[in-house]
Amino acid sequence: MRDTVEPLWMRTLRAEARERFQEMAWPTPAQEEWRRTDVSRLGLASFAPGPAAPSRPPREGDPGAAAGSIRFEEGACMEVALAREWRDQGVRLLPLDHALEEFEAPLRQLYQEGLQEADNKFLVWHYASLGHGALLWLPAGLEIQEPFFIDFQEHGNATVSAPHVVVLMGAGARASVVQRVTAAQGADAMLCNAMVDLRVGDAAGLRYSEVQELGARDLYFRHARASVARDGSLRHFDAELGARLAKTRTECALCGPGAEAFLDGVYFCGANQHMDLRTVQSHRSPKATSRAFYKGAVAGGGRTVFQGLIDVAPGASGTDAFLTNKNLILGEAARSDSIPTLKIGNNDVKCSHGSTSGRLSAEELFYLESRGLSPADAREMLVLGYFEELLEPVPERIREDALSSIRGRLRRAA
Amino acid sequence: MKGQSPVVDTDRPAAANLVGEYQHGYHFPDESVFKTRKGLDEEIVNAISHRKEEPEWMRQFRLRSLAAFRKKSMPNWGADLSDLDFDNLSYYARPQEQQSRTWEDVPANIKETFERIGIPEAERKFLAGVGAQYDSEMVYHSIKEDLTQQGVIFTDPETAVREHPDLVKQYFGTVIPYLDNKFAALNSAVWSGGSFVYVPKGVKVEVPLQAYFRINARSFGQFERTLIIADEGSFVHYIEGCTAPIYATESLHSAVVEIIALPGSRVRYTTIQNWSSDVYNLVTKRAVAHKDAIVEWVDGNIGSKRTMKYPSIYLVGEGAHGEVLSIAFAGKGQEQDTGGKAVHAASHTSSVITAKSISKGGGTASYRGLLKVNEGLHDVRSRVVCDALILDEHSRSNTFPSMEIDSDDVSIEHEARVSRISEEQLFYLMSRGMSEQEASLMIVSGFLDPLVKQLPMEYAVELNRLIELEMEGTVG
């Protein structure tokens, strides 16, 4: 897609991003958000841009039970399918390079805004290397029960990929998006620098769920940017399971009264993995509600960091916000940091956060073993049970992926 | 003494050049008042050390600290310190036995506060920095005799350097090394005044040791240095500061407090800080709790322009327990960046951090804390609770706790809440005949009650009156 067919504004934006990329330094542990994730030894310079792979015109497929699906392999769009019913009603599901014309105005605005707000080199890098990705547009008032699937199977060979997803929801629209990020089998280490941009319009409702299962040598950077307008609702969920290093930021701005956002997630960090997750509940409007709830488990030799922030602007009265982080520590030499923070700029608020860290209860393990379960089975049952409250409400495809990944890794460890 | 003492105008050029004139060999005129010129360099540090007739090792320590101070960068987090100009401060004023100011110089609002919180006449002048002799010498004298009999050392650190060099060498700067942070380095370079406490094995000091009693003749220092050593099985409660506003002419206060709680001992340290509203209060306080020792910090911050203070406890011995109770009241123009830290470095240790803050009148109260559990430990328990009350729509409250857990056998809980005074509570109290003012005050007092209960009675009374005063003019 990085060829001359790109419109001028896109080339300009890319050039600006490249220029800023050259000027900017990599984040260092002197910056609070990067204090616990040192990127200086990752050999970032060795990752070359992935091969440019312009999408073929979207091939009609059959989405099956889904409302629509789009699939990428090694940076190229392999298939797009959208149920006829929805296409006829104006729904769009497109590879981004085929959306640049039809959606020029919103994309241009989102890209420019995103680049302007980019406060670290990874974000700027993302815009400089924008390649494959998907756009989903839902016209106002359309309610769709069946999920949309977005699959990224990323490529390797010491390359960097920058998948980008945009979801635009008209007023009153409802939809569910299920996204998977995986690595091609047998690929060399890669760096995936992903971004998700979610715009939830007035009274619209979006459920967005993602599972990340990259390979054991891969690096994963992810930035989700979301905004929810008046009476809109966003349920964002991510399961971080793979990658040697995963560093994410999930940021949601509540921009109108009655808006609500649920930022939920689970992470399972094995030996030699490093996961650093950040959520930001940004209350910019009065009378909005947000909840963030993340549960993690860390095995011996793993390291997790969770940094959550509730940020309430001075004018955002009547804010109701809560942030919870729980960590289960499964082995020796495991590290788990939890940093839930509040920044409150006015007095008419109800904000709180809670955090707990601990290991599996010896009593519960004993009880299960006394009922005939092997220690490994008892442990598996308790760990899966621990995640249950967060996995139960998410779409089956994500839940099953997450459960089987966690189960598999617990078994291998045992 | 007032009126008879030589009034020293520290802005006089001659006074400002004192050090400069005597830079070769550090001869100082035998004047009763001595103040270094503005700015900080080796010369100033040498002058301070010389003035205190210190041994060479302490002078070297100060110089090393100065080098560290220069190298260390300012924190890129916490309160806004951009107005702080290190070159425009003077780093040492000789303890003022003779005063440079008169009662008339003390601002009316400070006098008013003394009146309102009921500070005894004799103390007022002392607190305002105009009356050097606070009439507690008699009280202190008898306590001192008692202490001496038990083998307790309670003196200023200068005396300790002279008379107990072995103890000082063994412990000084071990809990807070001079390389720790920029302000600890600064204090290590220019420290002056403070307290040195040593409690021998098994001795339980029954009366709280009050900094008051001892430092009355020396005034509160700008760069206090306090070292408390509680030997095995001993107990001591040390109280520093007071509820009355301290009227300071220097705009930077940067103390270092080190506590060593040896096996089985218990140390309780209580501070109520009420610096006047132009002071930067940047303090490093840290304790080490050995096997089965208990350390408790009770830390109240009412005054100052900016405070950054996070009393810490390193639990290094099995069975150690630490508690931090922190309270902050941020009013107009104030930023209270306070909290507590607990570092678990041994198994079977526990800690509790409780923080309460109130912000009003556009003030910012921030809780900042750390809870750390080192690797390979068992049976570690900790609970961190932060409560914040925001009294009006212009004020801010932040919470930045940080939990770093590197062991699996732990139980860690953290909660934080930010809220305003609830309308239901106000309505209820007002329906019982209280004015809105009275009702708000009652709710705030109730909110702070857990802290106030931890204070000795006379402090509790003064603190309550002070809160009353601070709350004046606040509605809901």
# chains A, B, ... in the order shown; residues from 1 in each chain; ligands from 1
$ residues_around --residues "region 77-89 of chain A" --least-positions-apart "3" --cutoff "8 Å" --atoms "only C-alpha atoms" --output "MDAnalysis selection string"
chainID A and resid 55:56 58:63 66:73 92:95 132 139
$ residues_around --residues "region 327-341 of chain B" --least-positions-apart "6" --cutoff "9 Å" --atoms "only C-alpha atoms" --output "PyMOL selection string"
chain B and resi 78-80+277+286+297-314+353-372+395+398+401+448+451+467+470
$ write_last_selection --atoms "N, CA and C atoms" --output "short mmCIF file (atom, residue, chain, number, x, y, z; two decimals), in the first residue's frame"
data_model
loop_
_atom_site.label_atom_id
_atom_site.label_comp_id
_atom_site.auth_asym_id
_atom_site.auth_seq_id
_atom_site.Cartn_x
_atom_site.Cartn_y
_atom_site.Cartn_z
N GLY B 78 5.77 14.62 41.24
CA GLY B 78 5.49 15.26 42.53
C GLY B 78 5.09 16.71 42.39
N ALA B 79 5.26 17.45 43.47
CA ALA B 79 4.78 18.83 43.51
C ALA B 79 5.58 19.71 42.54
N ASP B 80 4.98 20.81 42.18
CA ASP B 80 5.61 21.75 41.26
C ASP B 80 6.70 22.53 42.00
N SER B 277 2.84 29.59 54.74
CA SER B 277 2.39 29.22 53.40
C SER B 277 3.37 29.55 52.27
N ARG B 286 12.91 8.00 56.79
CA ARG B 286 12.93 6.57 56.54
C ARG B 286 13.35 5.82 57.79
N TRP B 297 4.84 5.69 61.89
CA TRP B 297 4.92 7.11 61.54
C TRP B 297 3.52 7.69 61.63
N VAL B 298 3.39 8.76 62.34
CA VAL B 298 2.14 9.52 62.31
C VAL B 298 2.52 10.88 61.75
N ASP B 299 2.00 11.18 60.57
CA ASP B 299 2.54 12.31 59.83
C ASP B 299 1.40 13.22 59.37
N GLY B 300 1.36 14.40 59.92
CA GLY B 300 0.31 15.34 59.55
C GLY B 300 0.89 16.53 58.83
N ASN B 301 0.30 16.91 57.70
CA ASN B 301 0.81 18.04 56.94
C ASN B 301 -0.31 19.05 56.70
N ILE B 302 -0.15 20.19 57.35
CA ILE B 302 -1.19 21.20 57.28
C ILE B 302 -0.68 22.42 56.51
N GLY B 303 0.54 22.81 56.83
CA GLY B 303 1.06 24.07 56.28
C GLY B 303 1.91 23.89 55.06
N SER B 304 2.74 24.89 54.78
CA SER B 304 3.68 24.96 53.66
C SER B 304 3.01 25.29 52.34
N LYS B 305 3.84 25.66 51.39
CA LYS B 305 3.36 25.92 50.03
C LYS B 305 3.34 24.60 49.26
N ARG B 306 4.48 23.91 49.33
CA ARG B 306 4.61 22.61 48.68
C ARG B 306 5.25 21.66 49.69
N THR B 307 4.64 20.51 49.87
CA THR B 307 5.29 19.50 50.70
C THR B 307 5.46 18.24 49.88
N MET B 308 6.65 17.66 49.96
CA MET B 308 6.86 16.33 49.40
C MET B 308 7.47 15.49 50.51
N LYS B 309 6.72 14.53 50.99
CA LYS B 309 7.16 13.78 52.16
C LYS B 309 6.48 12.43 52.20
N TYR B 310 7.25 11.38 52.20
CA TYR B 310 6.70 10.03 52.16
C TYR B 310 7.42 9.16 53.19
N PRO B 311 7.02 9.24 54.47
CA PRO B 311 7.72 8.46 55.48
C PRO B 311 7.76 6.98 55.08
N SER B 312 8.92 6.37 55.21
CA SER B 312 9.11 5.02 54.69
C SER B 312 9.56 4.07 55.79
N ILE B 313 9.23 2.83 55.59
CA ILE B 313 9.70 1.80 56.53
C ILE B 313 10.27 0.64 55.74
N TYR B 314 11.50 0.30 56.02
CA TYR B 314 12.11 -0.89 55.43
C TYR B 314 12.05 -2.00 56.46
N ILE B 353 -0.67 1.14 55.67
CA ILE B 353 -0.55 2.56 55.36
C ILE B 353 -1.95 3.13 55.24
N THR B 354 -2.22 4.14 56.04
CA THR B 354 -3.52 4.77 55.99
C THR B 354 -3.31 6.25 55.68
N ALA B 355 -3.93 6.73 54.63
CA ALA B 355 -3.73 8.13 54.28
C ALA B 355 -5.08 8.81 54.15
N LYS B 356 -5.14 10.01 54.69
CA LYS B 356 -6.36 10.79 54.57
C LYS B 356 -5.98 12.17 54.08
N SER B 357 -6.72 12.68 53.14
CA SER B 357 -6.40 14.03 52.70
C SER B 357 -7.66 14.83 52.46
N ILE B 358 -7.50 16.13 52.65
CA ILE B 358 -8.59 17.05 52.41
C ILE B 358 -8.05 18.15 51.51
N SER B 359 -8.77 18.46 50.45
CA SER B 359 -8.35 19.61 49.66
C SER B 359 -9.49 20.60 49.56
N LYS B 360 -9.13 21.85 49.66
CA LYS B 360 -10.13 22.92 49.59
C LYS B 360 -9.51 24.19 49.04
N GLY B 361 -10.34 25.12 48.64
CA GLY B 361 -9.85 26.42 48.21
C GLY B 361 -8.88 26.37 47.04
N GLY B 362 -8.99 25.38 46.20
CA GLY B 362 -8.11 25.27 45.04
C GLY B 362 -6.81 24.52 45.33
N GLY B 363 -6.71 23.95 46.51
CA GLY B 363 -5.49 23.21 46.86
C GLY B 363 -5.46 21.82 46.22
N THR B 364 -4.25 21.26 46.17
CA THR B 364 -4.08 19.92 45.61
C THR B 364 -3.47 19.00 46.66
N ALA B 365 -4.17 17.92 46.94
CA ALA B 365 -3.61 16.91 47.85
C ALA B 365 -3.34 15.67 47.03
N SER B 366 -2.12 15.17 47.10
CA SER B 366 -1.80 13.95 46.36
C SER B 366 -1.27 12.91 47.32
N TYR B 367 -1.78 11.71 47.18
CA TYR B 367 -1.18 10.59 47.90
C TYR B 367 -0.20 9.93 46.95
N ARG B 368 0.98 9.69 47.42
CA ARG B 368 1.97 8.98 46.61
C ARG B 368 2.62 7.95 47.52
N GLY B 369 2.62 6.74 47.10
CA GLY B 369 3.16 5.73 48.02
C GLY B 369 3.78 4.58 47.29
N LEU B 370 4.46 3.78 48.02
CA LEU B 370 5.06 2.58 47.45
C LEU B 370 4.88 1.44 48.43
N LEU B 371 4.49 0.32 47.86
CA LEU B 371 4.50 -0.88 48.66
C LEU B 371 5.32 -1.87 47.87
N LYS B 372 6.40 -2.35 48.47
CA LYS B 372 7.27 -3.24 47.73
C LYS B 372 7.51 -4.50 48.52
N SER B 395 -10.77 22.39 43.83
CA SER B 395 -9.65 21.68 44.44
C SER B 395 -9.43 20.34 43.77
N ASN B 398 -5.24 13.71 44.05
CA ASN B 398 -4.63 12.66 43.23
C ASN B 398 -4.21 11.50 44.11
N PRO B 401 -0.57 5.40 44.15
CA PRO B 401 0.07 4.35 44.93
C PRO B 401 0.86 3.49 43.96
N LEU B 448 -11.20 12.82 59.97
CA LEU B 448 -9.82 12.83 60.45
C LEU B 448 -9.65 12.10 61.79
N LEU B 451 -6.85 9.66 62.78
CA LEU B 451 -5.51 10.21 62.96
C LEU B 451 -5.41 10.95 64.28
N ILE B 467 -8.05 22.64 62.55
CA ILE B 467 -8.95 22.22 61.46
C ILE B 467 -10.17 23.15 61.43
N GLU B 470 -9.09 26.18 59.74
CA GLU B 470 -8.90 25.98 58.31
C GLU B 470 -10.24 25.86 57.59
#
$ closest_atom_pairs --of "chain A" --to "chain B" --cutoff "6 Å" --atoms "only C-alpha atoms" --output "JSON lines"
{"residue": "A:Ile329", "atom": "CA", "partner": "B:Asp408", "partner_atom": "CA", "distance": 4.9}
{"residue": "A:Gly331", "atom": "CA", "partner": "B:Asp408", "partner_atom": "CA", "distance": 5.9}
{"residue": "A:Ala334", "atom": "CA", "partner": "B:Asp406", "partner_atom": "CA", "distance": 5.5}
{"residue": "A:Arg335", "atom": "CA", "partner": "B:Asp406", "partner_atom": "CA", "distance": 4.1}
{"residue": "A:Ser336", "atom": "CA", "partner": "B:Ile405", "partner_atom": "CA", "distance": 4.9}
{"residue": "A:Asp337", "atom": "CA", "partner": "B:Glu404", "partner_atom": "CA", "distance": 4.0}
{"residue": "A:Ser338", "atom": "CA", "partner": "B:Met403", "partner_atom": "CA", "distance": 4.8}
{"residue": "A:Ile339", "atom": "CA", "partner": "B:Ser402", "partner_atom": "CA", "distance": 4.4}
{"residue": "A:Thr341", "atom": "CA", "partner": "B:Phe400", "partner_atom": "CA", "distance": 4.6}
{"residue": "A:Leu342", "atom": "CA", "partner": "B:Thr399", "partner_atom": "CA", "distance": 4.6}
{"residue": "A:Lys343", "atom": "CA", "partner": "B:Asn398", "partner_atom": "CA", "distance": 4.3}
{"residue": "A:Ile344", "atom": "CA", "partner": "B:Ser397", "partner_atom": "CA", "distance": 5.1}
{"residue": "A:Gly345", "atom": "CA", "partner": "B:Arg396", "partner_atom": "CA", "distance": 4.6}
{"residue": "A:Asn346", "atom": "CA", "partner": "B:Glu393", "partner_atom": "CA", "distance": 4.5}
{"residue": "A:Asn347", "atom": "CA", "partner": "B:Glu393", "partner_atom": "CA", "distance": 4.9}
{"residue": "A:Val349", "atom": "CA", "partner": "B:Ser419", "partner_atom": "CA", "distance": 5.8}
{"residue": "A:Lys350", "atom": "CA", "partner": "B:Ser419", "partner_atom": "CA", "distance": 5.5}
{"residue": "A:Cys351", "atom": "CA", "partner": "B:Val418", "partner_atom": "CA", "distance": 5.3}
{"residue": "A:Ser352", "atom": "CA", "partner": "B:Arg417", "partner_atom": "CA", "distance": 4.2}
{"residue": "A:His353", "atom": "CA", "partner": "B:Ala416", "partner_atom": "CA", "distance": 5.2}
{"residue": "A:Gly354", "atom": "CA", "partner": "B:Glu415", "partner_atom": "CA", "distance": 4.3}
{"residue": "A:Ser355", "atom": "CA", "partner": "B:His414", "partner_atom": "CA", "distance": 4.9}
{"residue": "A:Thr356", "atom": "CA", "partner": "B:Glu413", "partner_atom": "CA", "distance": 4.5}
{"residue": "A:Ser357", "atom": "CA", "partner": "B:Ile412", "partner_atom": "CA", "distance": 4.9}
{"residue": "A:Gly358", "atom": "CA", "partner": "B:Ser411", "partner_atom": "CA", "distance": 4.8}
{"residue": "A:Arg359", "atom": "CA", "partner": "B:Asp408", "partner_atom": "CA", "distance": 5.6}
$ residues_around --residues "region 145-157 of chain B" --least-positions-apart "4" --cutoff "9 Å" --atoms "only C-alpha atoms" --output "list in words"
Tyr140, His141, Val161, Arg162, Val168, Ser192, Gly193, Gly194, Ser195, Phe196, Val197, Tyr198, Val199, Pro200, Val203, Val205, Leu209, Arg214, Ile215, Arg225, Thr226 and Leu227 of chain B
$ write_last_selection --atoms "N, CA and C atoms" --output "PDB file, in the first residue's frame"
ATOM      1  N   TYR B 140      11.923  20.495  80.892  1.00  0.00           N
ATOM      2  CA  TYR B 140      12.828  19.607  80.211  1.00  0.00           C
ATOM      3  C   TYR B 140      13.937  19.118  81.145  1.00  0.00           C
ATOM      4  N   HIS B 141      14.356  19.997  82.011  1.00  0.00           N
ATOM      5  CA  HIS B 141      15.461  19.659  82.898  1.00  0.00           C
ATOM      6  C   HIS B 141      15.188  18.380  83.689  1.00  0.00           C
ATOM      7  N   VAL B 161      27.856  14.239  67.388  1.00  0.00           N
ATOM      8  CA  VAL B 161      29.079  14.051  66.602  1.00  0.00           C
ATOM      9  C   VAL B 161      30.295  14.210  67.517  1.00  0.00           C
ATOM     10  N   ARG B 162      30.222  15.162  68.430  1.00  0.00           N
ATOM     11  CA  ARG B 162      31.335  15.411  69.347  1.00  0.00           C
ATOM     12  C   ARG B 162      31.438  14.353  70.431  1.00  0.00           C
ATOM     13  N   VAL B 168      27.366   7.707  66.077  1.00  0.00           N
ATOM     14  CA  VAL B 168      27.045   8.481  64.880  1.00  0.00           C
ATOM     15  C   VAL B 168      27.655   7.831  63.647  1.00  0.00           C
ATOM     16  N   SER B 192      21.972  20.948  59.781  1.00  0.00           N
ATOM     17  CA  SER B 192      22.231  21.721  60.981  1.00  0.00           C
ATOM     18  C   SER B 192      21.050  21.561  61.924  1.00  0.00           C
ATOM     19  N   GLY B 193      21.325  21.169  63.146  1.00  0.00           N
ATOM     20  CA  GLY B 193      20.240  21.008  64.098  1.00  0.00           C
ATOM     21  C   GLY B 193      19.478  19.723  63.857  1.00  0.00           C
ATOM     22  N   GLY B 194      18.432  19.544  64.669  1.00  0.00           N
ATOM     23  CA  GLY B 194      17.692  18.297  64.628  1.00  0.00           C
ATOM     24  C   GLY B 194      17.863  17.575  65.948  1.00  0.00           C
ATOM     25  N   SER B 195      17.640  16.284  65.952  1.00  0.00           N
ATOM     26  CA  SER B 195      17.764  15.532  67.198  1.00  0.00           C
ATOM     27  C   SER B 195      18.572  14.274  66.997  1.00  0.00           C
ATOM     28  N   PHE B 196      19.232  13.878  68.057  1.00  0.00           N
ATOM     29  CA  PHE B 196      19.898  12.588  68.092  1.00  0.00           C
ATOM     30  C   PHE B 196      19.370  11.853  69.313  1.00  0.00           C
ATOM     31  N   VAL B 197      18.808  10.677  69.061  1.00  0.00           N
ATOM     32  CA  VAL B 197      18.228   9.925  70.161  1.00  0.00           C
ATOM     33  C   VAL B 197      18.807   8.521  70.157  1.00  0.00           C
ATOM     34  N   TYR B 198      19.268   8.095  71.317  1.00  0.00           N
ATOM     35  CA  TYR B 198      19.666   6.696  71.466  1.00  0.00           C
ATOM     36  C   TYR B 198      18.994   6.134  72.707  1.00  0.00           C
ATOM     37  N   VAL B 199      18.252   5.055  72.507  1.00  0.00           N
ATOM     38  CA  VAL B 199      17.593   4.423  73.652  1.00  0.00           C
ATOM     39  C   VAL B 199      18.254   3.058  73.867  1.00  0.00           C
ATOM     40  N   PRO B 200      18.841   2.852  75.048  1.00  0.00           N
ATOM     41  CA  PRO B 200      19.573   1.598  75.288  1.00  0.00           C
ATOM     42  C   PRO B 200      18.651   0.385  75.341  1.00  0.00           C
ATOM     43  N   VAL B 203      15.158  -0.315  77.422  1.00  0.00           N
ATOM     44  CA  VAL B 203      14.631   0.876  78.086  1.00  0.00           C
ATOM     45  C   VAL B 203      13.360   1.349  77.374  1.00  0.00           C
ATOM     46  N   VAL B 205      11.016   4.421  77.168  1.00  0.00           N
ATOM     47  CA  VAL B 205      10.902   5.831  77.540  1.00  0.00           C
ATOM     48  C   VAL B 205       9.415   6.152  77.684  1.00  0.00           C
ATOM     49  N   LEU B 209       9.314  11.971  73.754  1.00  0.00           N
ATOM     50  CA  LEU B 209      10.401  12.936  73.615  1.00  0.00           C
ATOM     51  C   LEU B 209       9.946  13.994  72.630  1.00  0.00           C
ATOM     52  N   ARG B 214      13.857  20.365  73.571  1.00  0.00           N
ATOM     53  CA  ARG B 214      15.275  20.484  73.443  1.00  0.00           C
ATOM     54  C   ARG B 214      15.711  21.605  72.504  1.00  0.00           C
ATOM     55  N   ILE B 215      14.997  21.714  71.381  1.00  0.00           N
ATOM     56  CA  ILE B 215      15.525  22.650  70.405  1.00  0.00           C
ATOM     57  C   ILE B 215      15.014  24.068  70.605  1.00  0.00           C
ATOM     58  N   ARG B 225      18.493  17.395  60.891  1.00  0.00           N
ATOM     59  CA  ARG B 225      18.987  16.044  60.695  1.00  0.00           C
ATOM     60  C   ARG B 225      18.676  15.277  61.961  1.00  0.00           C
ATOM     61  N   THR B 226      17.805  14.302  61.860  1.00  0.00           N
ATOM     62  CA  THR B 226      17.435  13.566  63.055  1.00  0.00           C
ATOM     63  C   THR B 226      17.779  12.098  62.884  1.00  0.00           C
ATOM     64  N   LEU B 227      18.359  11.551  63.929  1.00  0.00           N
ATOM     65  CA  LEU B 227      18.757  10.144  63.922  1.00  0.00           C
ATOM     66  C   LEU B 227      18.265   9.517  65.214  1.00  0.00           C
TER      67      LEU B 227
END
$ select_by_dssp --residues "region 133-330 of chain B" --states "alpha helix (DSSP H)" --output "NGL selection string"
:B and (137-150 or 157-163 or 165-171 or 182-190 or 211-215)
$ atom_distance --atom1 "CA of Val383 (chain A)" --atom2 "CA of Asp238 (chain A)"
17.8 Å
